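*Asks:* Got a file for you: structure_2.txt, compact mmCIF, C-alpha atoms and all ligand atoms.
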```txt
# COMPACT_ATOMS: atom_id res chain seq x y z
CA MET A 1 99.95 125.07 80.04
CA ASN A 2 103.58 124.85 79.11
CA GLY A 3 104.04 125.03 75.35
CA ILE A 4 105.86 121.68 75.17
CA LYS A 5 104.27 119.39 72.59
CA TYR A 6 103.90 115.77 73.61
CA LYS A 7 103.33 112.76 71.42
CA LEU A 8 99.84 111.37 71.84
CA LYS A 9 99.92 107.68 72.70
CA VAL A 10 97.63 105.98 70.18
CA ILE A 11 96.15 102.53 70.65
CA GLU A 12 94.40 101.12 67.59
CA CYS A 13 91.60 98.63 68.15
CA ASP A 14 90.05 96.34 65.54
CA THR A 15 86.58 96.49 66.98
CA TYR A 16 84.38 98.65 69.16
CA GLU A 17 84.37 95.82 71.73
CA ASN A 18 88.17 95.96 71.96
CA LEU A 19 88.11 99.72 72.34
CA SER A 20 85.50 99.47 75.08
CA ASN A 21 87.39 96.73 76.86
CA HIS A 22 90.67 98.61 76.70
CA ALA A 23 89.12 101.80 78.10
CA ALA A 24 87.37 99.88 80.91
CA MET A 25 90.64 98.15 81.83
CA MET A 26 92.41 101.51 82.08
CA ILE A 27 89.79 102.63 84.59
CA VAL A 28 90.05 99.36 86.52
CA GLN A 29 93.82 99.74 86.68
CA GLN A 30 93.51 103.34 87.83
CA ILE A 31 91.18 102.32 90.67
CA ALA A 32 93.42 99.37 91.59
CA GLU A 33 96.37 101.75 91.93
CA LYS A 34 94.34 104.40 93.77
CA PRO A 35 91.04 103.17 95.26
CA ASP A 36 89.92 106.74 95.99
CA SER A 37 90.54 107.93 92.44
CA VAL A 38 88.67 110.89 91.01
CA LEU A 39 87.39 110.01 87.55
CA GLY A 40 86.16 112.39 84.89
CA LEU A 41 83.41 110.76 82.82
CA SER A 42 81.78 111.46 79.50
CA THR A 43 78.49 110.53 77.88
CA GLY A 44 77.37 110.12 74.26
CA GLY A 45 77.43 107.03 72.07
CA THR A 46 81.14 106.22 72.27
CA PRO A 47 81.56 105.25 75.96
CA VAL A 48 78.42 103.09 76.20
CA GLY A 49 80.45 99.92 75.55
CA MET A 50 83.06 100.97 78.09
CA TYR A 51 80.38 101.33 80.77
CA ARG A 52 78.99 97.91 79.79
CA GLU A 53 82.46 96.39 80.28
CA LEU A 54 82.92 98.17 83.60
CA ILE A 55 79.63 96.74 84.86
CA LYS A 56 80.78 93.22 83.88
CA LEU A 57 84.11 93.77 85.62
CA TYR A 58 82.30 95.02 88.72
CA ARG A 59 80.02 91.97 88.76
CA SER A 60 83.04 89.66 88.51
CA ASN A 61 84.70 91.47 91.43
CA HIS A 62 87.47 93.05 89.40
CA VAL A 63 86.69 96.59 90.49
CA ASN A 64 85.28 98.36 93.53
CA PHE A 65 83.80 101.82 93.13
CA GLY A 66 83.24 102.32 96.87
CA GLY A 67 85.99 104.93 97.29
CA VAL A 68 85.80 106.50 93.84
CA ARG A 69 84.42 109.96 93.05
CA THR A 70 83.24 110.84 89.54
CA PHE A 71 82.68 114.15 87.78
CA ASN A 72 80.88 114.27 84.46
CA LEU A 73 82.00 116.63 81.76
CA ASP A 74 78.72 118.24 80.91
CA GLU A 75 74.93 118.53 80.93
CA TYR A 76 72.33 120.23 78.75
CA VAL A 77 70.95 123.50 80.10
CA GLY A 78 67.21 123.34 80.65
CA LEU A 79 66.81 119.58 81.04
CA ALA A 80 65.75 118.47 84.50
CA PRO A 81 67.75 115.56 85.98
CA ASP A 82 64.78 113.25 85.38
CA HIS A 83 64.47 114.16 81.67
CA PRO A 84 65.11 110.95 79.71
CA GLN A 85 67.78 112.64 77.52
CA SER A 86 69.58 114.35 80.38
CA TYR A 87 73.08 113.15 81.11
CA HIS A 88 71.89 112.51 84.68
CA GLN A 89 69.60 109.82 83.30
CA TYR A 90 72.27 108.54 80.92
CA MET A 91 74.70 108.01 83.80
CA TYR A 92 72.06 106.43 85.99
CA HIS A 93 71.12 103.87 83.35
CA ASN A 94 74.57 103.22 81.88
CA LEU A 95 76.54 103.01 85.12
CA TYR A 96 75.28 104.24 88.48
CA LYS A 97 72.40 101.82 89.02
CA HIS A 98 74.64 98.83 88.27
CA VAL A 99 77.67 99.49 90.49
CA ASN A 100 78.57 100.41 94.07
CA LEU A 101 79.46 104.04 93.39
CA PRO A 102 77.90 105.90 96.36
CA GLU A 103 75.36 108.55 95.42
CA ASN A 104 77.20 111.31 97.29
CA GLN A 105 80.40 110.57 95.37
CA ARG A 106 79.04 111.11 91.86
CA PHE A 107 78.71 114.53 90.33
CA ILE A 108 77.18 115.90 87.14
CA PRO A 109 76.77 119.63 86.57
CA SER A 110 73.20 120.73 87.09
CA GLY A 111 71.56 122.11 83.96
CA GLU A 112 68.74 123.77 85.90
CA LYS A 113 68.29 127.21 84.30
CA LYS A 114 67.53 129.16 87.46
CA SER A 115 70.81 128.30 89.18
CA ILE A 116 73.06 127.92 86.16
CA ASN A 117 75.38 130.85 86.94
CA SER A 118 76.14 129.71 90.46
CA GLU A 119 76.55 126.12 89.22
CA VAL A 120 79.36 127.21 86.90
CA ASN A 121 81.48 128.34 89.87
CA HIS A 122 80.26 125.66 92.20
CA TYR A 123 81.16 122.77 89.85
CA GLU A 124 84.66 124.05 89.12
CA LYS A 125 85.25 124.55 92.85
CA LYS A 126 84.02 121.05 93.66
CA ILE A 127 86.45 119.49 91.17
CA ILE A 128 89.35 121.46 92.64
CA GLU A 129 88.32 120.56 96.20
CA SER A 130 88.26 116.87 95.28
CA GLY A 131 92.00 117.10 94.66
CA GLY A 132 91.56 117.14 90.88
CA ILE A 133 90.75 114.52 88.28
CA ASP A 134 93.11 111.54 88.16
CA LEU A 135 91.76 110.06 84.94
CA GLN A 136 89.50 111.85 82.49
CA ILE A 137 87.60 109.97 79.80
CA LEU A 138 86.79 112.01 76.70
CA GLY A 139 84.98 111.56 73.42
CA ILE A 140 85.38 113.91 70.48
CA GLY A 141 82.87 115.77 68.31
CA GLU A 142 83.14 115.76 64.53
CA ASN A 143 84.14 119.43 64.84
CA GLY A 144 86.84 118.60 67.41
CA HIS A 145 84.89 119.55 70.51
CA ILE A 146 85.83 117.93 73.81
CA GLY A 147 83.27 118.18 76.55
CA PHE A 148 81.00 120.74 74.94
CA ASN A 149 83.87 123.09 74.18
CA GLU A 150 82.98 124.07 70.67
CA PRO A 151 85.52 125.49 68.18
CA PHE A 152 87.02 128.83 69.28
CA THR A 153 86.35 128.27 72.98
CA PRO A 154 89.34 129.93 74.67
CA PHE A 155 91.84 127.34 75.92
CA LYS A 156 91.92 129.14 79.30
CA GLN A 157 88.19 128.55 79.89
CA THR A 158 87.11 126.75 83.08
CA VAL A 159 83.54 125.43 83.69
CA HIS A 160 81.15 127.55 81.63
CA THR A 161 77.94 127.53 79.62
CA VAL A 162 78.04 127.30 75.83
CA LYS A 163 75.77 127.71 72.86
CA LEU A 164 75.90 124.40 71.03
CA GLU A 165 76.85 124.45 67.36
CA GLU A 166 74.18 123.44 64.87
CA SER A 167 76.35 120.42 63.85
CA THR A 168 76.53 119.25 67.48
CA ARG A 169 72.77 119.57 67.92
CA ARG A 170 72.29 117.67 64.65
CA ALA A 171 74.65 114.89 65.77
CA ASN A 172 72.75 114.56 69.06
CA ALA A 173 69.27 114.85 67.53
CA LYS A 174 69.13 111.05 67.17
CA TYR A 175 68.47 110.83 70.91
CA PHE A 176 65.51 113.26 70.72
CA SER A 177 62.38 113.16 68.58
CA SER A 178 63.55 116.19 66.56
CA ILE A 179 66.46 118.63 66.37
CA GLU A 180 64.21 121.36 67.81
CA GLU A 181 64.07 119.40 71.04
CA VAL A 182 67.86 119.34 71.46
CA PRO A 183 68.70 122.08 73.96
CA GLU A 184 70.60 125.06 72.57
CA ARG A 185 72.91 125.43 75.54
CA ALA A 186 75.01 123.23 77.77
CA ILE A 187 77.18 123.55 80.87
CA THR A 188 80.59 121.99 80.45
CA MET A 189 84.00 121.62 82.04
CA GLY A 190 86.27 124.04 80.21
CA ILE A 191 89.44 123.15 78.31
CA GLU A 192 91.50 124.37 81.27
CA THR A 193 89.50 122.13 83.63
CA ILE A 194 90.08 119.14 81.34
CA MET A 195 93.79 119.90 80.88
CA ARG A 196 94.33 119.91 84.66
CA SER A 197 93.48 116.17 84.75
CA LYS A 198 96.46 114.00 85.57
CA LYS A 199 95.72 111.49 82.80
CA ILE A 200 93.38 111.68 79.82
CA VAL A 201 91.92 108.87 77.74
CA LEU A 202 90.24 109.93 74.49
CA LEU A 203 87.94 107.42 72.78
CA ILE A 204 87.35 107.68 69.04
CA SER A 205 84.95 105.32 67.32
CA GLY A 206 83.13 105.18 63.97
CA PHE A 207 83.88 106.36 60.44
CA LYS A 208 82.24 109.75 61.10
CA LYS A 209 85.22 110.60 63.33
CA LYS A 210 87.85 109.95 60.62
CA HIS A 211 88.32 113.61 59.87
CA ALA A 212 88.50 114.54 63.56
CA PHE A 213 91.15 111.88 64.18
CA GLN A 214 93.14 113.10 61.21
CA LYS A 215 93.02 116.70 62.43
CA LEU A 216 93.98 115.64 65.94
CA MET A 217 97.08 113.91 64.63
CA SER A 218 98.22 116.90 62.58
CA SER A 219 100.41 119.13 64.70
CA GLN A 220 98.42 122.39 64.51
CA ILE A 221 97.29 123.49 67.97
CA SER A 222 94.47 125.94 67.60
CA GLU A 223 91.25 126.98 69.33
CA GLU A 224 89.56 126.32 66.00
CA PHE A 225 89.96 122.60 66.77
CA PRO A 226 89.62 122.27 70.56
CA ALA A 227 90.97 118.69 70.85
CA SER A 228 94.31 119.87 69.41
CA ILE A 229 95.16 121.22 72.89
CA LEU A 230 95.61 117.63 74.05
CA ARG A 231 99.06 117.65 72.43
CA LEU A 232 100.14 119.97 75.25
CA HIS A 233 99.16 117.42 77.91
CA HIS A 234 101.85 115.00 79.04
CA ASP A 235 99.66 111.92 79.49
CA VAL A 236 97.01 111.37 76.83
CA THR A 237 96.06 107.97 75.45
CA VAL A 238 93.91 107.95 72.33
CA ILE A 239 92.04 104.69 71.85
CA VAL A 240 90.81 104.60 68.30
CA GLU A 241 88.70 102.06 66.47
CA ARG A 242 89.90 100.97 63.02
CA ASP A 243 86.83 102.55 61.34
CA ALA A 244 88.01 106.00 62.41
CA LEU A 245 91.54 105.58 61.10
CA PHE A 246 92.70 107.37 57.96
C1 LIG A 301 79.80 113.99 76.17
C2 LIG A 301 80.72 114.96 75.60
C3 LIG A 301 80.93 115.09 74.12
C4 LIG A 301 80.97 113.74 73.38
C5 LIG A 301 81.14 113.96 71.88
C6 LIG A 301 81.12 112.65 71.12
O1 LIG A 301 79.81 114.05 77.57
O2 LIG A 301 81.29 115.68 76.32
O3 LIG A 301 82.13 115.78 73.88
O4 LIG A 301 82.04 112.99 73.88
O5 LIG A 301 80.11 114.78 71.42
O6 LIG A 301 79.87 112.08 71.24
P1 LIG A 301 79.54 110.63 70.64
O7 LIG A 301 80.34 109.66 71.44
O8 LIG A 301 78.07 110.45 70.84
O9 LIG A 301 79.96 110.68 69.21
```
Produce structure tokens that represent the structure in this file.
*Replies:*
Amino acid sequence: MNGIKYKLKVIECDTYENLSNHAAMMIVQQIAEKPDSVLGLSTGGTPVGMYRELIKLYRSNHVNFGGVRTFNLDEYVGLAPDHPQSYHQYMYHNLYKHVNLPENQRFIPSGEKKSINSEVNHYEKKIIESGGIDLQILGIGENGHIGFNEPFTPFKQTVHTVKLEESTRRANAKYFSSIEEVPERAITMGIETIMRSKKIVLLISGFKKKHAFQKLMSSQISEEFPASILRLHHDVTVIVERDALF
């Protein structure tokens, strides 16, 4: 990281549909320019519409995933890949089963407890060996987390396991029957892993993210608000829905 602050490119969208469409088109353009692109993908509520658009664009022959490789940001520790709330299942249902992305070209960190320490090194190594991420899609937590890098995660951190903040578990409890069921730990790309991506697209949707957007746009760069590091990356596009604006 170089210490130079860059201006974040911000695209404001009137609706969630526009945000989703814009993000999907950036991926389509990336793949058109480089058919063997390496994409970094995220889960959660925000990118669901983007995946829906991508599936439509695939069905209308506007994109071919045949040469693409994908790496997901994160996974809960302790959820098997077939657990309905695992990010493995999320990706299968929201993207993989609908498009021609070959199975051996899609990667999500394994959250299996018994092999979690070796997975940390293995996943980082795999990303590096792929040549690095060309385009990384991110969402943001209300506390400024990116991936599952919670506040005060060192900026130099590569793939690692984290204890999820109570607020993060609360925000994600809607996908489980109770907060107690939300795993306490996750494996995630680190800030350093994310910052090595050649391009980054951050999606921000919904009024609950107003404060996070505001903090992102203020110039303080601090581990207290992990997303603030993005100002040190030379190619970040923030696509923000009107509801999340000041
Ligand atoms: C998901 C991820 C998280 C989410 C963030 C926002 O892979 O890494 O950082 O992007 O928690 O989640 P939503 O979109 O559900 O508000």
*Asks:* For Val238 of chain A, which residue among A:Ala23, A:Val99, A:Ile31, A:Ser222 is the nearest when counting only C-alpha atoms?
*Replies:*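 So, comparing all the options, the nearest one is A:Ala23.
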*Asks:* In Å to one decimal, how far is atom CA of Leu41 of chain A from atom CA of Arg69 of chain A?
*Replies:*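 A separation of 10.3 Å between them.
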*Asks:* For ligand LIG 301 (chain A), list the contacting residues at 8 Å or closer, counting all atoms listed in the file, as a PyMOL selection string.
*Replies:* chain A and resi 41-47+72-75+87+138-142+145-149+168+171-172+188+204-205+209
*Asks:* For a quick check of understanding, using only C-alpha atoms, which of A:Thr193, A:Asn117, A:Gln157, A:Gln136 has the smallest distance to Val236 of chain A?
*Replies:* A:Gln136
*Asks:* Do you know which residues are at most 7 Å from Val63 of chain A counting all atoms listed in the file, after dropping those on the same chain fewer than 3 positions away, and could you put them as a PyMOL selection string?
*Replies:* chain A and resi 28+57-58
*Asks:* Please determine, counting all atoms listed in the file, which residue among A:Ala186, A:Val68, A:Val10, A:Ile55 has the shortest atom-to-atom distance to Glu112 of chain A.
*Replies:*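 The closest residue to Glu112 of chain A is A:Ala186.
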*Asks:* Please report the interatomic distance between atom CA of Tyr175 of chain A and atom CA of Gln85 of chain A in Å with one decimal.
*Replies:*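 Atom-to-atom, atom CA of Tyr175 of chain A to atom CA of Gln85 of chain A, that is 6.9 Å.
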*Asks:* What is the atom CA of Tyr123 of chain A to atom CA of Pro109 of chain A distance in Å?
*Replies:*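 Between these atoms lies a distance of 6.3 Å.
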*Asks:* So, counting all atoms listed in the file, which residue among A:Ser177, A:Ser218, A:Asn94, A:Thr158 is closest to Gly190 of chain A?
*Replies:*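 The answer is A:Thr158, which sits nearest to Gly190 of chain A.
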*Asks:* Missing atoms in segment 98-109 of chain A should be modelled up to all heavy atoms and reported as a compact mmCIF listing (two decimals), keeping the file's coordinate frame.
*Replies:*
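The resulting out.txt:
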```
# COMPACT_ATOMS: atom_id res chain seq x y z
N HIS A 98 74.08 100.18 88.35
CA HIS A 98 74.64 98.83 88.27
C HIS A 98 75.82 98.59 89.21
O HIS A 98 76.26 97.45 89.35
CB HIS A 98 75.11 98.54 86.84
CG HIS A 98 74.05 98.74 85.82
ND1 HIS A 98 73.05 97.80 85.61
CD2 HIS A 98 73.81 99.75 84.94
CE1 HIS A 98 72.26 98.24 84.63
NE2 HIS A 98 72.69 99.41 84.22
N VAL A 99 76.41 99.66 89.74
CA VAL A 99 77.67 99.49 90.49
C VAL A 99 77.58 100.14 91.88
O VAL A 99 76.60 100.83 92.18
CB VAL A 99 78.88 100.06 89.69
CG1 VAL A 99 79.04 99.35 88.34
CG2 VAL A 99 78.76 101.57 89.50
N ASN A 100 78.61 99.92 92.69
CA ASN A 100 78.57 100.41 94.07
C ASN A 100 79.23 101.79 94.24
O ASN A 100 79.97 102.01 95.19
CB ASN A 100 79.25 99.40 95.01
CG ASN A 100 80.76 99.34 94.78
OD1 ASN A 100 81.23 99.55 93.67
ND2 ASN A 100 81.52 99.03 95.82
N LEU A 101 78.94 102.68 93.28
CA LEU A 101 79.46 104.04 93.39
C LEU A 101 78.47 104.84 94.25
O LEU A 101 77.35 105.08 93.82
CB LEU A 101 79.57 104.65 91.98
CG LEU A 101 80.02 106.10 91.85
CD1 LEU A 101 81.43 106.30 92.37
CD2 LEU A 101 79.93 106.54 90.38
N PRO A 102 78.87 105.24 95.48
CA PRO A 102 77.90 105.90 96.36
C PRO A 102 77.34 107.19 95.74
O PRO A 102 78.05 107.93 95.06
CB PRO A 102 78.72 106.22 97.62
CG PRO A 102 79.88 105.26 97.58
CD PRO A 102 80.19 105.06 96.12
N GLU A 103 76.06 107.42 96.03
CA GLU A 103 75.36 108.55 95.42
C GLU A 103 76.04 109.89 95.71
O GLU A 103 76.09 110.77 94.85
CB GLU A 103 73.92 108.57 95.96
CG GLU A 103 72.97 109.18 94.98
CD GLU A 103 71.52 109.01 95.41
OE1 GLU A 103 71.19 107.98 96.05
OE2 GLU A 103 70.74 109.92 95.09
N ASN A 104 76.58 110.01 96.94
CA ASN A 104 77.20 111.31 97.29
C ASN A 104 78.63 111.43 96.77
O ASN A 104 79.34 112.37 97.10
CB ASN A 104 77.16 111.52 98.80
CG ASN A 104 77.93 110.45 99.55
OD1 ASN A 104 78.40 109.47 98.94
ND2 ASN A 104 78.07 110.60 100.85
N GLN A 105 79.05 110.49 95.96
CA GLN A 105 80.40 110.57 95.37
C GLN A 105 80.35 110.70 93.84
O GLN A 105 81.34 110.53 93.16
CB GLN A 105 81.22 109.33 95.76
CG GLN A 105 81.54 109.31 97.24
CD GLN A 105 82.15 108.02 97.73
OE1 GLN A 105 82.01 107.70 98.92
NE2 GLN A 105 82.79 107.25 96.89
N ARG A 106 79.16 110.95 93.31
CA ARG A 106 79.04 111.11 91.86
C ARG A 106 78.43 112.47 91.52
O ARG A 106 77.43 112.86 92.10
CB ARG A 106 78.23 109.95 91.26
CG ARG A 106 76.93 109.72 91.95
CD ARG A 106 76.45 108.29 91.77
NE ARG A 106 75.00 108.24 91.86
CZ ARG A 106 74.29 107.16 92.10
NH1 ARG A 106 74.87 105.99 92.26
NH2 ARG A 106 72.97 107.21 92.16
N PHE A 107 79.10 113.14 90.62
CA PHE A 107 78.71 114.53 90.33
C PHE A 107 78.53 114.76 88.83
O PHE A 107 79.33 114.30 88.02
CB PHE A 107 79.76 115.50 90.86
CG PHE A 107 80.04 115.32 92.33
CD1 PHE A 107 81.16 114.59 92.75
CD2 PHE A 107 79.19 115.83 93.29
CE1 PHE A 107 81.41 114.40 94.10
CE2 PHE A 107 79.42 115.64 94.64
CZ PHE A 107 80.55 114.91 95.05
N ILE A 108 77.46 115.48 88.52
CA ILE A 108 77.18 115.90 87.14
C ILE A 108 76.75 117.35 87.27
O ILE A 108 75.98 117.68 88.18
CB ILE A 108 76.01 115.08 86.53
CG1 ILE A 108 76.32 113.58 86.59
CG2 ILE A 108 75.71 115.52 85.10
CD1 ILE A 108 75.19 112.69 86.08
N PRO A 109 77.23 118.24 86.40
CA PRO A 109 76.77 119.63 86.57
C PRO A 109 75.26 119.71 86.41
O PRO A 109 74.68 119.00 85.59
CB PRO A 109 77.50 120.40 85.47
CG PRO A 109 77.99 119.38 84.50
CD PRO A 109 78.12 118.08 85.25
```
